[in-house]
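File shown: protein04.csv. Contents: CSV, C-alpha atoms and all ligand atoms.
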chain,number,residue,atom,x,y,z
H,1,MET,CA,58.0,-14.7,-60.3
H,2,ALA,CA,56.3,-13.7,-57.2
H,3,LYS,CA,57.3,-12.0,-54.0
H,4,CYS,CA,56.3,-13.3,-50.6
H,5,PRO,CA,54.0,-10.8,-48.8
H,6,LYS,CA,55.3,-11.9,-45.4
H,7,CYS,CA,59.0,-11.8,-45.8
H,8,GLY,CA,59.6,-10.3,-49.2
H,9,ALA,CA,61.6,-13.2,-50.6
H,10,ASP,CA,61.4,-13.8,-54.3
H,11,VAL,CA,59.8,-17.0,-55.2
H,12,PRO,CA,60.8,-18.2,-58.7
H,13,LYS,CA,58.5,-21.0,-59.2
H,14,MET,CA,54.9,-21.8,-58.7
H,15,LYS,CA,53.7,-24.8,-56.7
H,16,LYS,CA,50.5,-25.1,-58.5
H,17,SER,CA,47.9,-23.1,-60.4
H,18,TRP,CA,44.2,-23.5,-61.0
H,19,LYS,CA,41.3,-21.7,-62.6
H,20,MET,CA,38.4,-20.3,-60.8
H,21,ALA,CA,35.3,-18.5,-61.8
H,22,GLY,CA,34.9,-15.2,-60.0
H,23,ARG,CA,31.6,-13.7,-58.8
H,24,PRO,CA,29.4,-12.1,-61.3
H,25,ASP,CA,29.6,-8.3,-61.4
H,26,LYS,CA,26.6,-5.9,-61.6
H,27,SER,CA,25.9,-6.7,-65.2
H,28,GLY,CA,26.0,-10.4,-64.6
H,29,LYS,CA,29.4,-11.0,-66.3
H,30,ARG,CA,31.8,-13.3,-64.7
H,31,MET,CA,35.6,-13.3,-64.7
H,32,GLN,CA,37.7,-16.4,-64.9
H,33,LEU,CA,40.7,-16.0,-62.6
H,34,GLU,CA,43.8,-18.0,-62.8
H,35,ILE,CA,45.3,-18.4,-59.4
H,36,GLY,CA,48.9,-19.5,-58.6
H,37,LEU,CA,50.0,-20.9,-55.3
H,38,TYR,CA,53.6,-20.1,-54.2
H,39,GLN,CA,55.7,-21.2,-51.4
H,40,CYS,CA,58.7,-19.1,-50.4
H,41,PRO,CA,62.0,-20.5,-49.1
H,42,LYS,CA,60.9,-19.8,-45.5
H,43,GLY,CA,57.8,-21.9,-45.9
H,44,HIS,CA,55.1,-19.2,-46.3
H,45,THR,CA,52.5,-20.0,-48.8
H,46,PHE,CA,50.5,-17.4,-50.6
H,47,ARG,CA,48.3,-17.0,-53.6
H,48,GLU,CA,48.5,-14.6,-56.5
H,49,VAL,CA,46.1,-13.8,-59.3
H,50,LEU,CA,47.9,-14.6,-62.5
H,51,SER,CA,45.3,-13.6,-65.0
H,52,LYS,CA,41.7,-12.5,-65.3
H,53,LYS,CA,39.5,-13.0,-68.3
H,54,LYS,CA,35.9,-12.6,-69.1
H,55,ILE,CA,33.9,-15.7,-69.6
N,1,ZN,ZN,58.1,-15.8,-46.9

Could the structure of this file be written out as structure tokens, please?
Amino acid sequence: MAKCPKCGADVPKMKKSWKMAGRPDKSGKRMQLEIGLYQCPKGHTFREVLSKKKI
């Protein structure tokens, strides 16, 4: 569950999610981020990082 950053409403379900490779850090390692897209009852959409892992 996520909270809308604009109005504070709780958003129980995710609209969609996808995986994305982050930028390499100083040592050249990259993180794979899992991003979720949420839409609150008032229609605001926002993204949240669900998980990060090294790839
Ligand atoms: Zn909202």

Length of the atom CA of Met31 of chain H to atom CA of Ser17 of chain H vector [Å]: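 Those two atoms sit 16.3 Å apart.
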
Pick out the closest residue to ligand ZN 1 (chain N) from this set: H:Arg30, H:Gly43, H:Ser51, H:Arg23. Count all atoms listed in the file.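 Among the listed residues, the smallest separation from ligand ZN 1 (chain N) belongs to H:Gly43.
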
Dump the neighbourhood of ligand ZN 1 (chain N) as a PyMOL selection string: all residues within 7 Å, distances computed on all atoms listed in the file. chain H and resi 4-9+40-44

Env of Lys13 of chain H: 10 Å cut, atoms = all atoms listed in the file, seq-sep filter 5 positions within chain, self excluded. Answer as a list in words. Met1, Ala2, Gly36, Leu37, Tyr38, Gln39 and Cys40 of chain H

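Distances to Asp25 of chain H were evaluated for H:Lys3, H:Pro12, H:Val49, H:Ile55 using all atoms listed in the file, and the minimum falls at H:Ile55.
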
If you measure from atom CA of Gly22 of chain H to atom CA of Ile35 of chain H, what distance in Å do you get, rounded to one decimal?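 Going from atom CA of Gly22 of chain H over to atom CA of Ile35 of chain H covers 10.9 Å.
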
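Coordinates place atom CA of Lys54 of chain H at a distance of 29.5 Å from atom CA of Asp10 of chain H.
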